[in-house]
$ cat protein-v2.cif   # mmCIF, C-alpha atoms
data_model
#
loop_
_atom_site.label_atom_id
_atom_site.label_comp_id
_atom_site.auth_asym_id
_atom_site.auth_seq_id
_atom_site.Cartn_x
_atom_site.Cartn_y
_atom_site.Cartn_z
CA MET R 1 -12.43 -28.21 16.48
CA LYS R 2 -9.02 -28.43 14.83
CA THR R 3 -10.24 -26.32 11.91
CA ALA R 4 -11.55 -23.67 14.28
CA ILE R 5 -8.22 -23.55 16.11
CA LEU R 6 -6.37 -23.06 12.83
CA GLU R 7 -8.78 -20.37 11.66
CA LYS R 8 -8.34 -18.20 14.76
CA PRO R 9 -4.63 -17.41 14.25
CA ALA R 10 -5.26 -16.83 10.53
CA ALA R 11 -8.11 -14.46 11.34
CA ALA R 12 -5.92 -12.68 13.89
CA GLU R 13 -3.09 -12.27 11.39
CA LYS R 14 -5.54 -10.96 8.78
CA LYS R 15 -6.95 -8.48 11.27
CA LYS R 16 -3.43 -7.25 12.09
CA ALA R 17 -2.64 -6.85 8.39
CA ILE R 18 -5.87 -4.98 7.76
CA ASN R 19 -5.24 -2.65 10.72
CA GLY R 20 -1.63 -2.02 9.73
CA ASN R 21 -2.24 -1.37 6.04
CA SER R 22 -5.50 0.56 6.41
CA LEU R 23 -4.82 2.84 9.35
CA LEU R 24 -2.74 5.31 7.33
CA LEU R 25 -5.45 5.44 4.66
CA ILE R 26 -8.12 6.05 7.28
CA ILE R 27 -6.04 8.85 8.81
CA THR R 28 -5.54 10.41 5.37
CA ILE R 29 -9.25 10.33 4.50
CA ALA R 30 -10.20 11.67 7.94
CA LEU R 31 -7.62 14.47 7.62
CA PHE R 32 -9.06 15.53 4.27
CA PHE R 33 -12.59 15.75 5.63
CA VAL R 34 -11.40 17.67 8.71
CA LEU R 35 -9.52 20.18 6.54
CA TYR R 36 -12.36 20.57 4.05
CA ILE R 37 -15.07 20.93 6.71
CA ALA R 38 -12.89 23.44 8.59
CA GLY R 39 -12.53 25.43 5.37
CA CYS R 40 -16.30 25.34 4.79
CA ILE R 41 -16.93 26.62 8.33
CA ALA R 42 -14.22 29.29 8.32
CA TYR R 43 -14.80 30.63 4.81
CA SER R 44 -18.45 29.89 4.09
CA SER R 45 -19.01 33.60 3.45
CA LYS R 46 -16.36 33.50 0.73
CA GLY R 47 -17.99 30.60 -1.13
CA PHE R 48 -15.75 27.80 0.13
CA ALA R 49 -18.79 25.68 1.03
CA ASN R 50 -20.03 25.89 -2.55
CA LEU R 51 -19.78 22.49 -4.23
CA GLN R 52 -18.06 24.14 -7.19
CA THR R 53 -15.08 24.88 -4.94
CA PHE R 54 -14.51 21.15 -4.51
CA PHE R 55 -14.82 20.56 -8.26
CA ASN R 56 -12.35 23.40 -8.84
CA ILE R 57 -9.87 21.58 -6.59
CA LEU R 58 -10.33 18.49 -8.76
CA ARG R 59 -9.98 20.51 -11.95
CA SER R 60 -6.78 22.28 -10.91
CA ASN R 61 -5.26 18.99 -9.70
CA ALA R 62 -6.46 16.66 -12.47
CA GLY R 63 -2.94 16.39 -13.89
CA LEU R 64 -1.45 15.77 -10.46
CA ILE R 65 -3.93 12.93 -9.82
CA CYS R 66 -2.64 11.11 -12.92
CA VAL R 67 0.99 11.79 -11.99
CA ALA R 68 0.42 10.63 -8.39
CA CYS R 69 -1.08 7.37 -9.69
CA GLY R 70 2.07 6.77 -11.74
CA MET R 71 4.30 7.72 -8.83
CA THR R 72 2.45 5.29 -6.57
CA CYS R 73 3.07 2.42 -9.01
CA VAL R 74 6.80 3.16 -9.06
CA MET R 75 7.01 3.60 -5.28
CA LEU R 76 5.27 0.26 -4.75
CA THR R 77 8.33 -1.39 -6.29
CA GLY R 78 10.60 0.50 -3.89
CA GLY R 79 11.65 3.02 -6.56
CA ILE R 80 11.04 6.72 -7.13
CA ASP R 81 10.71 9.06 -10.11
CA ILE R 82 11.69 12.71 -9.68
CA SER R 83 11.49 13.46 -13.41
CA VAL R 84 7.68 13.63 -13.54
CA GLY R 85 7.47 17.43 -13.23
CA SER R 86 9.92 17.97 -16.08
CA LEU R 87 8.08 15.41 -18.21
CA VAL R 88 4.81 17.30 -17.67
CA ALA R 89 6.60 20.53 -18.66
CA ILE R 90 7.88 19.09 -21.94
CA ASP R 91 4.42 17.61 -22.61
CA CYS R 92 2.81 21.03 -22.25
CA MET R 93 5.50 22.64 -24.42
CA LEU R 94 5.09 20.00 -27.13
CA LEU R 95 1.33 20.48 -27.16
CA SER R 96 1.52 24.27 -27.30
CA TYR R 97 4.42 24.56 -29.75
CA GLY R 98 3.27 21.72 -31.98
CA MET R 99 -0.23 23.10 -32.45
CA ALA R 100 0.97 26.70 -32.86
CA ASN R 101 4.07 26.24 -35.05
CA TRP R 102 3.88 22.77 -36.57
CA HIS R 103 0.16 23.23 -37.25
CA LEU R 104 -0.62 19.72 -36.07
CA GLY R 105 -4.06 18.84 -34.75
CA ALA R 106 -4.88 18.49 -31.07
CA PHE R 107 -5.34 14.72 -31.23
CA GLY R 108 -2.16 14.28 -33.25
CA MET R 109 -0.10 16.21 -30.70
CA CYS R 110 -1.71 14.31 -27.83
CA ALA R 111 -0.58 11.09 -29.54
CA VAL R 112 2.95 12.51 -29.87
CA VAL R 113 2.97 13.36 -26.16
CA ILE R 114 1.86 9.82 -25.26
CA VAL R 115 4.63 8.30 -27.42
CA VAL R 116 7.22 10.60 -25.83
CA GLY R 117 6.06 9.44 -22.40
CA LEU R 118 6.33 5.78 -23.35
CA VAL R 119 9.84 6.18 -24.78
CA PHE R 120 10.95 8.28 -21.82
CA GLY R 121 9.67 5.68 -19.37
CA LEU R 122 11.21 2.82 -21.33
CA VAL R 123 14.67 4.40 -21.23
CA GLN R 124 14.46 5.14 -17.51
CA GLY R 125 12.97 1.72 -16.78
CA TYR R 126 15.76 0.00 -18.72
CA CYS R 127 18.42 1.89 -16.75
CA VAL R 128 16.77 1.08 -13.41
CA GLY R 129 15.46 -2.43 -14.04
CA ILE R 130 17.97 -3.95 -16.44
CA LEU R 131 21.17 -2.01 -15.71
CA GLY R 132 20.48 -1.78 -11.99
CA ILE R 133 21.27 1.94 -11.64
CA GLN R 134 19.78 3.70 -8.62
CA PRO R 135 16.32 5.15 -9.45
CA PHE R 136 17.14 8.53 -7.92
CA ILE R 137 20.20 8.97 -10.16
CA VAL R 138 18.40 7.82 -13.31
CA THR R 139 15.32 9.96 -12.79
CA MET R 140 17.40 12.98 -11.76
CA ALA R 141 19.17 12.70 -15.11
CA GLY R 142 15.76 12.36 -16.75
CA MET R 143 14.56 15.46 -14.90
CA PHE R 144 17.45 17.60 -16.20
CA PHE R 145 17.13 16.14 -19.70
CA ALA R 146 13.38 16.79 -19.97
CA ARG R 147 13.67 20.31 -18.54
CA GLY R 148 16.53 21.07 -20.92
CA MET R 149 14.62 19.72 -23.93
CA THR R 150 11.67 21.90 -22.93
CA ALA R 151 13.94 24.94 -23.33
CA VAL R 152 15.29 23.58 -26.62
CA ILE R 153 11.76 23.47 -28.05
CA SER R 154 11.06 27.05 -26.93
CA THR R 155 12.16 29.45 -24.22
CA ALA R 156 9.10 31.64 -24.67
CA GLN R 157 5.88 31.33 -22.71
CA LEU R 158 3.21 30.02 -25.05
CA SER R 159 -0.55 30.23 -24.73
CA ILE R 160 -3.16 28.00 -26.30
CA THR R 161 -6.04 30.02 -27.68
CA ALA R 162 -8.88 29.23 -30.04
CA ASP R 163 -6.70 30.52 -32.88
CA VAL R 164 -3.94 28.04 -32.05
CA SER R 165 -6.26 25.02 -31.81
CA LYS R 166 -10.00 25.41 -31.63
CA THR R 167 -10.40 21.69 -30.95
CA PHE R 168 -8.10 21.65 -27.93
CA TYR R 169 -9.54 24.97 -26.71
CA ASP R 170 -13.11 23.69 -26.93
CA ILE R 171 -12.29 20.39 -25.20
CA ALA R 172 -10.40 22.15 -22.38
CA ASN R 173 -13.25 24.60 -21.79
CA PHE R 174 -16.07 22.09 -22.17
CA ARG R 175 -18.21 21.92 -19.03
CA ILE R 176 -20.44 19.11 -17.86
CA TYR R 177 -23.10 20.60 -15.61
CA PHE R 178 -24.90 18.76 -12.82
CA PRO R 179 -28.71 18.89 -12.72
CA PHE R 180 -28.82 20.67 -9.35
CA LYS R 181 -27.65 23.92 -7.82
CA SER R 182 -25.30 24.74 -4.96
CA ASP R 183 -25.68 28.26 -3.53
CA GLY R 184 -27.69 29.17 -6.62
CA ILE R 185 -24.99 27.95 -9.03
CA ARG R 186 -25.05 24.78 -11.11
CA PRO R 187 -21.72 23.03 -10.41
CA TYR R 188 -19.75 21.55 -13.29
CA ILE R 189 -16.69 19.45 -14.02
CA SER R 190 -14.26 19.54 -16.92
CA ILE R 191 -12.98 16.87 -19.30
CA GLY R 192 -9.64 16.83 -17.46
CA VAL R 193 -11.38 15.76 -14.24
CA ILE R 194 -13.14 12.90 -16.03
CA ILE R 195 -9.85 11.72 -17.55
CA SER R 196 -8.12 11.77 -14.15
CA ILE R 197 -10.95 9.86 -12.44
CA VAL R 198 -10.93 7.24 -15.21
CA VAL R 199 -7.16 6.87 -14.79
CA LEU R 200 -7.63 6.52 -11.02
CA ILE R 201 -10.25 3.78 -11.40
CA VAL R 202 -8.27 1.87 -14.04
CA ILE R 203 -5.04 1.90 -11.99
CA PHE R 204 -6.94 0.93 -8.83
CA LEU R 205 -8.47 -2.08 -10.60
CA MET R 206 -5.12 -2.95 -12.18
CA LEU R 207 -3.32 -2.97 -8.83
CA ARG R 208 -6.06 -4.94 -7.14
CA TYR R 209 -7.04 -7.55 -9.69
CA THR R 210 -4.23 -8.10 -12.21
CA LYS R 211 -1.06 -10.17 -12.07
CA PHE R 212 1.04 -7.11 -12.94
CA GLY R 213 -0.50 -5.14 -10.06
CA ARG R 214 0.27 -7.93 -7.60
CA SER R 215 3.79 -8.13 -9.03
CA LEU R 216 4.42 -4.48 -8.14
CA TYR R 217 3.54 -5.19 -4.51
CA ALA R 218 5.61 -8.39 -4.48
CA VAL R 219 8.74 -6.71 -5.89
CA GLY R 220 8.44 -3.84 -3.40
CA GLY R 221 7.87 -6.22 -0.50
CA SER R 222 10.94 -8.35 -1.23
CA GLU R 223 12.78 -8.71 -4.52
CA GLN R 224 14.32 -11.99 -3.41
CA SER R 225 10.96 -13.49 -2.48
CA ALA R 226 9.44 -12.21 -5.73
CA SER R 227 12.22 -13.91 -7.72
CA MET R 228 11.68 -17.16 -5.82
CA MET R 229 7.98 -16.99 -6.74
CA GLY R 230 8.98 -16.89 -10.40
CA LEU R 231 8.36 -13.18 -11.01
CA ASN R 232 10.58 -11.31 -13.44
CA VAL R 233 11.73 -8.51 -11.13
CA LYS R 234 13.65 -6.62 -13.82
CA ALA R 235 10.76 -6.64 -16.27
CA THR R 236 8.34 -5.55 -13.55
CA LYS R 237 10.51 -2.55 -12.71
CA VAL R 238 10.80 -1.58 -16.37
CA LYS R 239 7.04 -1.76 -16.81
CA SER R 240 6.44 0.31 -13.68
CA TYR R 241 8.51 3.20 -15.05
CA VAL R 242 6.89 2.94 -18.47
CA LEU R 243 3.48 3.06 -16.81
CA CYS R 244 4.52 6.00 -14.64
CA SER R 245 5.72 8.05 -17.61
CA LEU R 246 2.61 7.13 -19.60
CA LEU R 247 0.37 8.38 -16.79
CA CYS R 248 2.55 11.50 -16.50
CA SER R 249 1.97 12.24 -20.18
CA ILE R 250 -1.77 11.79 -19.71
CA GLY R 251 -1.45 14.04 -16.67
CA GLY R 252 0.51 16.53 -18.79
CA ILE R 253 -2.40 16.76 -21.20
CA CYS R 254 -4.80 17.36 -18.28
CA TYR R 255 -2.36 19.88 -16.80
CA CYS R 256 -2.20 21.74 -20.10
CA MET R 257 -6.01 21.75 -20.34
CA ASN R 258 -6.10 23.57 -17.02
CA THR R 259 -3.30 26.10 -17.61
CA MET R 260 -3.72 26.48 -21.41
CA SER R 261 -0.08 27.53 -21.54
CA ALA R 262 3.49 26.26 -21.57
CA SER R 263 6.82 27.53 -20.25
CA VAL R 264 10.24 26.20 -19.29
CA ALA R 265 9.50 26.67 -15.57
CA GLN R 266 6.10 24.99 -15.73
CA ALA R 267 5.29 22.19 -13.26
CA THR R 268 8.39 22.96 -11.19
CA GLY R 269 8.10 21.02 -7.93
CA LEU R 270 5.32 18.78 -9.25
CA GLU R 271 7.43 15.73 -8.49
CA MET R 272 7.51 16.70 -4.81
CA GLU R 273 3.74 17.17 -4.80
CA ALA R 274 3.28 13.73 -6.35
CA ILE R 275 5.64 12.06 -3.87
CA SER R 276 4.06 13.83 -0.89
CA SER R 277 0.56 12.91 -2.08
CA SER R 278 1.55 9.26 -2.34
CA VAL R 279 3.26 9.20 1.05
CA ILE R 280 0.43 11.07 2.76
CA GLY R 281 -1.91 8.56 1.11
CA GLY R 282 -0.14 5.66 2.80
CA THR R 283 2.41 4.50 0.21
CA LEU R 284 5.58 3.32 1.94
CA LEU R 285 8.86 4.78 0.70
CA THR R 286 10.37 1.30 1.02
CA GLY R 287 7.72 -0.18 -1.28
CA GLY R 288 5.23 -3.01 -1.00
CA VAL R 289 2.38 -1.04 0.62
CA GLY R 290 0.09 1.62 -0.80
CA ASN R 291 -2.82 2.29 -3.14
CA VAL R 292 -3.96 5.02 -5.50
CA ILE R 293 -7.09 5.82 -3.46
CA GLY R 294 -4.83 7.05 -0.69
CA SER R 295 -2.76 9.02 -3.21
CA PHE R 296 -5.98 10.57 -4.53
CA PHE R 297 -6.90 11.81 -1.06
CA GLY R 298 -3.30 12.99 -0.62
CA VAL R 299 -3.77 15.16 -3.72
CA LEU R 300 -7.08 16.45 -2.32
CA ILE R 301 -5.39 17.36 0.98
CA ASN R 302 -2.68 19.35 -0.82
CA GLY R 303 -5.30 21.00 -3.04
CA THR R 304 -7.52 21.85 -0.07
CA ILE R 305 -4.63 23.44 1.82
CA ARG R 306 -3.74 25.54 -1.22
CA THR R 307 -7.38 26.60 -1.70
CA ILE R 308 -7.76 27.56 1.97
CA VAL R 309 -4.63 29.73 1.79
CA GLN R 310 -5.84 31.39 -1.42
CA THR R 311 -9.31 31.95 0.02
CA ASN R 312 -7.86 33.51 3.16
CA GLY R 313 -6.00 36.07 1.06
CA LYS R 314 -3.76 37.21 3.94
CA LEU R 315 -1.45 34.22 4.25
CA ALA R 316 1.81 34.05 2.29
CA SER R 317 1.82 31.85 -0.82
CA SER R 318 4.57 29.73 0.76
CA TRP R 319 2.25 28.33 3.44
CA PRO R 320 0.90 25.44 1.32
CA ASN R 321 4.46 24.15 0.82
CA ILE R 322 5.23 24.55 4.52
CA LEU R 323 2.09 22.70 5.63
CA THR R 324 2.59 19.96 3.02
CA ALA R 325 6.17 19.47 4.23
CA ALA R 326 4.94 19.21 7.82
CA LEU R 327 2.30 16.63 6.84
CA LEU R 328 4.89 14.68 4.84
CA CYS R 329 7.19 14.47 7.86
CA PHE R 330 4.25 13.49 10.06
CA PHE R 331 3.24 10.60 7.81
CA ILE R 332 6.83 9.42 7.36
CA VAL R 333 7.13 9.25 11.16
CA LEU R 334 3.84 7.33 11.30
CA GLN R 335 5.12 4.88 8.71
CA SER R 336 8.27 4.33 10.78
CA ILE R 337 6.21 3.74 13.92
CA PHE R 338 3.95 1.21 12.18
CA ALA R 339 6.97 -0.59 10.69
CA LEU R 340 8.58 -0.76 14.15
CA VAL R 341 5.39 -2.12 15.74
CA LYS R 342 5.06 -4.70 12.97
CA SER R 343 8.65 -5.88 13.37
CA ARG R 344 8.19 -6.26 17.15
CA ARG R 345 5.05 -8.33 16.66
CA LYS R 346 7.03 -10.72 14.51
#
$ encode --input "protein-v2.cif" --output "structure tokens"
Amino acid sequence: MKTAILEKPAAAEKKKAINGNSLLLIITIALFFVLYIAGCIAYSSKGFANLQTFFNILRSNAGLICVACGMTCVMLTGGIDISVGSLVAIDCMLLSYGMANWHLGAFGMCAVVIVVGLVFGLVQGYCVGILGIQPFIVTMAGMFFARGMTAVISTAQLSITADVSKTFYDIANFRIYFPFKSDGIRPYISIGVIISIVVLIVIFLMLRYTKFGRSLYAVGGSEQSASMMGLNVKATKVKSYVLCSLLCSIGGICYCMNTMSASVAQATGLEMEAISSSVIGGTLLTGGVGNVIGSFFGVLINGTIRTIVQTNGKLASSWPNILTAALLCFFIVLQSIFALVKSRRK
């Protein structure tokens, strides 16, 4: 009888935690399906209901999925990284310029991009985690530095063709077809989509089942409590920024596979898309709560809105940004309401 009495409060607390942490994710997933189904109904005559339309959303946002995963990891610690768009831009420029002018192979330049991401993340992580500088200030400096270095490499708009790198061109244009048809067309996915889904699965498993993943949540929940549990808060923050920049470089490769070009202004505003995708997906700005599955659906929501506007053809190109901003405000308000309810329950 005593055991049963003790189990009831524990079960009640668990139920509250599940409801609190999962409701935002449920709302996000439901919102995506509502938007996508509405698009299929409204624009079925324009091919929106074709399964390839969904795969095109994944293909055009493969880089953003990787970046959003990295952003989620940083935001879980209570930090933020606004340099991700500029890092993607310099990744694309390095790939394009290196293969065209340095005559380096596709795999060699991809390795260079990965190393650049690791070093970039290590420097920013050191400034935030070890020196204790505010993440916004550090990553803003990183944003200006990366964007400036992109212009130093080249101010011209570069294109990646088969003449520049046949290997990279072939990989970017490789299609994996499904054994069925949708509206008479066999749908396909690209290599970039596969890379982004693999990244999503790996980061999801890392956050859920590894000590480092649990450390990210612990540091974001309470740095003081994390320190009392024996966690190295500074090292955890450094690793989170290194991981974020690494995933951004992987995302930069996927982004370049989709655009097959590079320019100084490339990926402008990508950091806002990554942050909004994470927040819409249920990641708290204060840290400690969130997951990459929610961020993935946040990316899909942004991509679906953009596709609906493009399919309509009559709406201004600014509408996706307006609607995303409205959704971002909506989910921030929801987060505040849930936090207030949780504090009153305590």
$ closest_residue --input "protein-v2.cif" --among "R:Val74, R:Met260, R:Ala30, R:Ile322" --to "R:Val242" --atoms "all atoms listed in the file"
R:Val74
$ residues_around --input "protein-v2.cif" --residues "R:Gly121" --least-positions-apart "2" --cutoff "10 Å" --atoms "all atoms listed in the file" --output "PyMOL selection string"
chain R and resi 81+83+87+115-119+123-127+139+142+238-246+248
$ atom_distance --input "protein-v2.cif" --atom1 "atom CA of R:Pro179" --atom2 "atom CA of R:Phe54"
16.6 Å
$ residues_around --input "protein-v2.cif" --residues "R:Phe180" --least-positions-apart "5" --cutoff "12 Å" --atoms "only C-alpha atoms" --output "list of chain:residue names"
R:Leu51, R:Gln52, R:Ile185, R:Arg186, R:Pro187, R:Tyr188
$ closest_residue --input "protein-v2.cif" --among "R:Ile57, R:Leu31, R:Cys256, R:Ile201" --to "R:Thr304" --atoms "all atoms listed in the file"
R:Ile57
$ atom_distance --input "protein-v2.cif" --atom1 "atom CA of R:Arg175" --atom2 "atom CA of R:Leu94"
24.7 Å
$ closest_residue --input "protein-v2.cif" --among "R:Ile253, R:Ile80, R:Met228, R:Ala38" --to "R:Gln134" --atoms "only C-alpha atoms"
R:Ile80
$ resolve_selection --input "protein-v2.cif" --expression "the PyMOL selection byres ((chain R and resi 145-149) around 8)" --output "list in words"
Ser83, Ser86, Leu87, Ala89, Ile90, Ala141, Gly142, Met143, Phe144, Thr150, Ala151, Val152, Ile153 and Val264 of chain R
$ closest_residue --input "protein-v2.cif" --among "R:Ser277, R:Gln335, R:Gln266, R:Ser222" --to "R:Leu24" --atoms "only C-alpha atoms"
R:Gln335
$ resolve_selection --input "protein-v2.cif" --expression "the PyMOL selection byres ((chain R and resi 330) around 12)" --output "PyMOL selection string"
chain R and resi 24+27-28+276+279-282+323-329+331-337
$ closest_residue --input "protein-v2.cif" --among "R:Ala316, R:Ile189, R:Cys40, R:Leu200" --to "R:Ile250" --atoms "all atoms listed in the file"
R:Leu200
$ closest_residue --input "protein-v2.cif" --among "R:Met71, R:Ile37, R:Ile160, R:Ile197" --to "R:Asn101" --atoms "all atoms listed in the file"
R:Ile160
$ resolve_selection --input "protein-v2.cif" --expression "the PyMOL selection byres ((chain R and resi 59) around 10)" --output "NGL selection string"
:R and (53-58 or 60-65 or 188-194 or 196 or 254-255 or 257-258)
$ atom_distance --input "protein-v2.cif" --atom1 "atom CA of R:Gly221" --atom2 "atom CA of R:Arg208"
15.5 Å
